[in-house]
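To start, the structure itself, in structure tokens.
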Amino acid sequence: MPRIKPQLFWQGRKKLGLNAAKLLPVCRTLESTANELRWIKQHVAETPSIIPFGARVWKLCDRRGKGLPLAYVLGNQPFGDLEIKCRPGVLIPRTETESYTIHLSNILRRSLSSSKSESDQHQHQPLNIIDLCTGTGCIPLLIYSQLSRSLPFQSLNVVGVDISQKAINLSRQNLHHNLRAHRFPRPSSPGDKSHPQRSLHFHKADIFSPTSLDPILSTPSLSSTSSSSSSTGTGGEWDLLTSNPPYISPSGFALSTSRSVRNWEPKLALVPPVERVDLHQKHFYDHYYADNEILLQTVEYQEEDVFYARLLEIARTYRPKRVLMEVGDMEQAKRVVGMVLGDGKLRGFYFGSGEGTDGKEKGAGAGAVQIWRDDLVGFEGYEETLEVGVGVDGQKQTIVVKGHPEGHGRSVYLRRVGVVDDV
Amino acid sequence: MPPRPKLPEDELEEVYLKGSGPGGQKINKTNSAVQLRHIPTNIVIKCQETRSRTQNRKLAREILAAKVDLFLNGDKSRLAIVGNVKKKKADSKAKKARRKYKKLEEEKAKGGVGQQLVEGAEGAEVEGEDEGEELEGYEEEEVQEGKEAENGEKAEKHGGNNADGGRQ
């Protein structure tokens, strides 16, 4: 890192006061120092305390100056229109995640409000959404908030799962924190039979352990015991599976992460643990691709992708209508797409038989395998195609890449054959 | 007063701000800045007022709408009209204050040493009342501005007439 000119410290002191000298080494520029100082002061002014204003600002600037991320210093991070509490030990929600989560809830909203005219039964049928590796609970909370506001009569069943007890405690706190602030309607209580049934729960489970995860996955709707779901036969399906799993390789963690991530954020949420990789790799090779051995040579698979292998295994078993997984970059996104297209069953679910090689020739009911780039909100119009050269026969497949062309690859989106997005 | 200007979404273009580094989990310096361009006039603004990008996107739209309004309508834009009204108020306030102190000075010059104490006390009282009234007036203006622009306009006209009458 280049050295900061002493001149900048003098300018900062003169313009922004003594606190600026503390913030400047981490903020690097005067502009971001001014911003962070303003946010710290705002935070102190908004939270009452008997300690004098100046002393509190000084203390927070001191902690920020030691490199602690601002979200941990202030204890929260805005996420969409929510305020998510943050605490060391749980990953801070990122704006990239916020962006695709909003885009995803827009897709869900549009596809549901267009199908609503067909029958009223859709609304009684809860929308089942599950987020694995939920952390602060930001993704399920934001989806719940967006959908309960834009679809006021739609029943919702939202579940968040994480392995860490700290994360589960924090996500439950976040639910209550945002409820107190009236940012979204209260989930309906178990005995309540009023019309829009809404539930939002967080469970502690290891997603690699079938014994702890299967009970959660196999009963999508807690209220699905009602007769309507069993009679139609479509109840008990997951409408959406989201996940922002750890996706950084151990070497990438040392080389490409920023210092404050390395020093302050939980490694559990960033790097797939080695023993798990070993264990699952064996499992992965034994079971996942047991039926088509050719794939072992054609599918590129690296140790940081182990969570995707497991997530796709879950998708294979439970066939959620839509899947969204955050990835680290374009290369990883392509590898994940390769894993989807390389598996006969998954390919059948989400890509279709692939009779039309051109994506545009397919009908509305065709599945979709897409890569989304950073910052989809505001850049929905950008779209391009990408050729991925994997498959049983090594054929090239065309998939759609959405988002601004300069954005990093950020997530992989799967839509099951027969499910329609109204965009 | 004219309503707050709003721009149609298809005239706007968000400028893509490339964050530094790989993004995602690898960095935690969240870049909440939003840059917005109004295509017909090519006015660009950047907003990093809050830590929330959602909030910044809303704010940026408001700020840009006000700027475009000022650029297209000039003196008839909301920004100019509100500014004018505020300036008028401030001017009239300054004028009143000047008048009052002038009067006080004159009375001080007329009156003897014995009376000065009483006069001074009265003056202080009057001053206090005056300030209270003006504060109330200010609050009212805020409410009108926010809710009922038309009513506010009427009230302004009314006030203006009154002031004229007073002068005559």
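How things are named: the first chain in the structure tokens is A, the next is B, and so on; residues count from 1 in each chain; ligands count from 1 in the order shown.
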Check every residue of chain A for an atom within 6 Å of chain B, counting only C-alpha atoms, and provide those that qualify as a PDB file with N, CA, C and O atoms, in the first residue's frame.
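Final output, saved to selection.pdb:
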ATOM      1  N   PRO A  78     -26.749  -0.832   6.968  1.00  0.00           N
ATOM      2  CA  PRO A  78     -28.008  -0.781   6.220  1.00  0.00           C
ATOM      3  C   PRO A  78     -27.996  -1.842   5.126  1.00  0.00           C
ATOM      4  O   PRO A  78     -26.961  -2.086   4.513  1.00  0.00           O
ATOM      5  N   GLY A  80     -30.685  -2.827   2.068  1.00  0.00           N
ATOM      6  CA  GLY A  80     -31.974  -2.450   1.502  1.00  0.00           C
ATOM      7  C   GLY A  80     -32.581  -1.386   2.379  1.00  0.00           C
ATOM      8  O   GLY A  80     -31.894  -0.433   2.758  1.00  0.00           O
ATOM      9  N   THR A 257      -7.871 -11.014  -0.249  1.00  0.00           N
ATOM     10  CA  THR A 257      -8.833 -10.339   0.628  1.00  0.00           C
ATOM     11  C   THR A 257      -8.205  -9.082   1.217  1.00  0.00           C
ATOM     12  O   THR A 257      -6.992  -8.977   1.326  1.00  0.00           O
ATOM     13  N   SER A 258      -9.064  -8.133   1.578  1.00  0.00           N
ATOM     14  CA  SER A 258      -8.514  -6.908   2.158  1.00  0.00           C
ATOM     15  C   SER A 258      -8.187  -7.163   3.629  1.00  0.00           C
ATOM     16  O   SER A 258      -8.685  -8.102   4.248  1.00  0.00           O
TER      17      SER A 258
END
Residues near Leu141 in chain A, cut-off 12 Å, only C-alpha atoms, skip fewer than 2 positions along chain, as a VMD selection string: chain A and resid 79 to 85 93 98 101 to 102 105 129 to 131 134 to 139 143 to 148 156 to 160 171 to 179 183 to 187 199 to 202
Point-to-point distance from CA of Thr97 in chain A to CA of Ile248 in chain A, Å rounded to tenths: 15.8 Å
Counting only C-alpha atoms, the option among A:Pro152, A:Gly342, A:Pro246, A:Gly403 closest to Gly328 in chain A: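 Counting only C-alpha atoms, the residue closest to Gly328 in chain A is A:Pro246.
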Val261 in chain A environment, 12 Å, only C-alpha atoms, sequence neighbours closer than 5 positions dropped, as an MDAnalysis selection string: (chainID A and resid 67:72 88:92 94 248 253:256 266:271) or (chainID B and resid 23:30)
Leaving out Gly352 in chain A and any residue of its chain fewer than 4 positions from it, which residues lie within 10 Å of it when counting only C-alpha atoms, given as a short mmCIF file (atom, residue, chain, number, x, y, z; two decimals) with N, CA and C atoms, in the first residue's frame?
data_model
loop_
_atom_site.label_atom_id
_atom_site.label_comp_id
_atom_site.auth_asym_id
_atom_site.auth_seq_id
_atom_site.Cartn_x
_atom_site.Cartn_y
_atom_site.Cartn_z
N LEU A 341 -24.36 -27.93 -15.57
CA LEU A 341 -24.58 -28.48 -16.90
C LEU A 341 -23.96 -29.87 -17.03
N LYS A 345 -28.87 -34.88 -14.33
CA LYS A 345 -30.14 -34.65 -13.65
C LYS A 345 -30.39 -33.14 -13.48
N LEU A 346 -29.37 -32.44 -12.97
CA LEU A 346 -29.51 -31.00 -12.75
C LEU A 346 -29.77 -30.28 -14.06
N ARG A 347 -29.07 -30.73 -15.09
CA ARG A 347 -29.22 -30.15 -16.40
C ARG A 347 -30.64 -30.31 -16.91
N GLY A 348 -31.21 -31.47 -16.64
CA GLY A 348 -32.59 -31.72 -17.01
C GLY A 348 -33.55 -30.81 -16.26
N GLY A 356 -32.90 -26.72 -28.48
CA GLY A 356 -32.53 -25.48 -29.17
C GLY A 356 -31.23 -24.97 -28.55
N LYS A 362 -35.94 -20.87 -27.22
CA LYS A 362 -36.73 -21.67 -26.29
C LYS A 362 -38.01 -20.96 -25.90
N GLY A 365 -41.47 -21.48 -20.97
CA GLY A 365 -41.39 -22.41 -19.86
C GLY A 365 -40.03 -23.06 -19.69
N ALA A 366 -39.08 -22.69 -20.54
CA ALA A 366 -37.77 -23.31 -20.46
C ALA A 366 -37.05 -22.87 -19.20
N GLY A 367 -36.16 -23.70 -18.74
CA GLY A 367 -35.39 -23.35 -17.56
C GLY A 367 -34.34 -22.29 -17.89
N ALA A 368 -33.62 -21.87 -16.89
CA ALA A 368 -32.60 -20.86 -17.13
C ALA A 368 -31.40 -21.12 -16.24
N VAL A 369 -30.22 -20.99 -16.83
CA VAL A 369 -28.99 -20.98 -16.07
C VAL A 369 -28.33 -19.66 -16.40
N ARG A 416 -36.01 -23.51 -12.67
CA ARG A 416 -36.40 -24.85 -13.10
C ARG A 416 -37.24 -24.79 -14.36
N VAL A 417 -37.14 -25.81 -15.17
CA VAL A 417 -37.96 -25.92 -16.37
C VAL A 417 -39.42 -25.89 -15.98
N GLY A 418 -40.21 -25.06 -16.68
CA GLY A 418 -41.63 -24.98 -16.37
C GLY A 418 -41.98 -23.82 -15.47
#
Alpha helix (DSSP H) positions in range 29-95 of chain B, given as a PyMOL selection string: chain B and resi 53-73+78-95
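Picture a line from CA of Phe153 in chain A to CA of His195 in chain A; it runs 7.4 Å.
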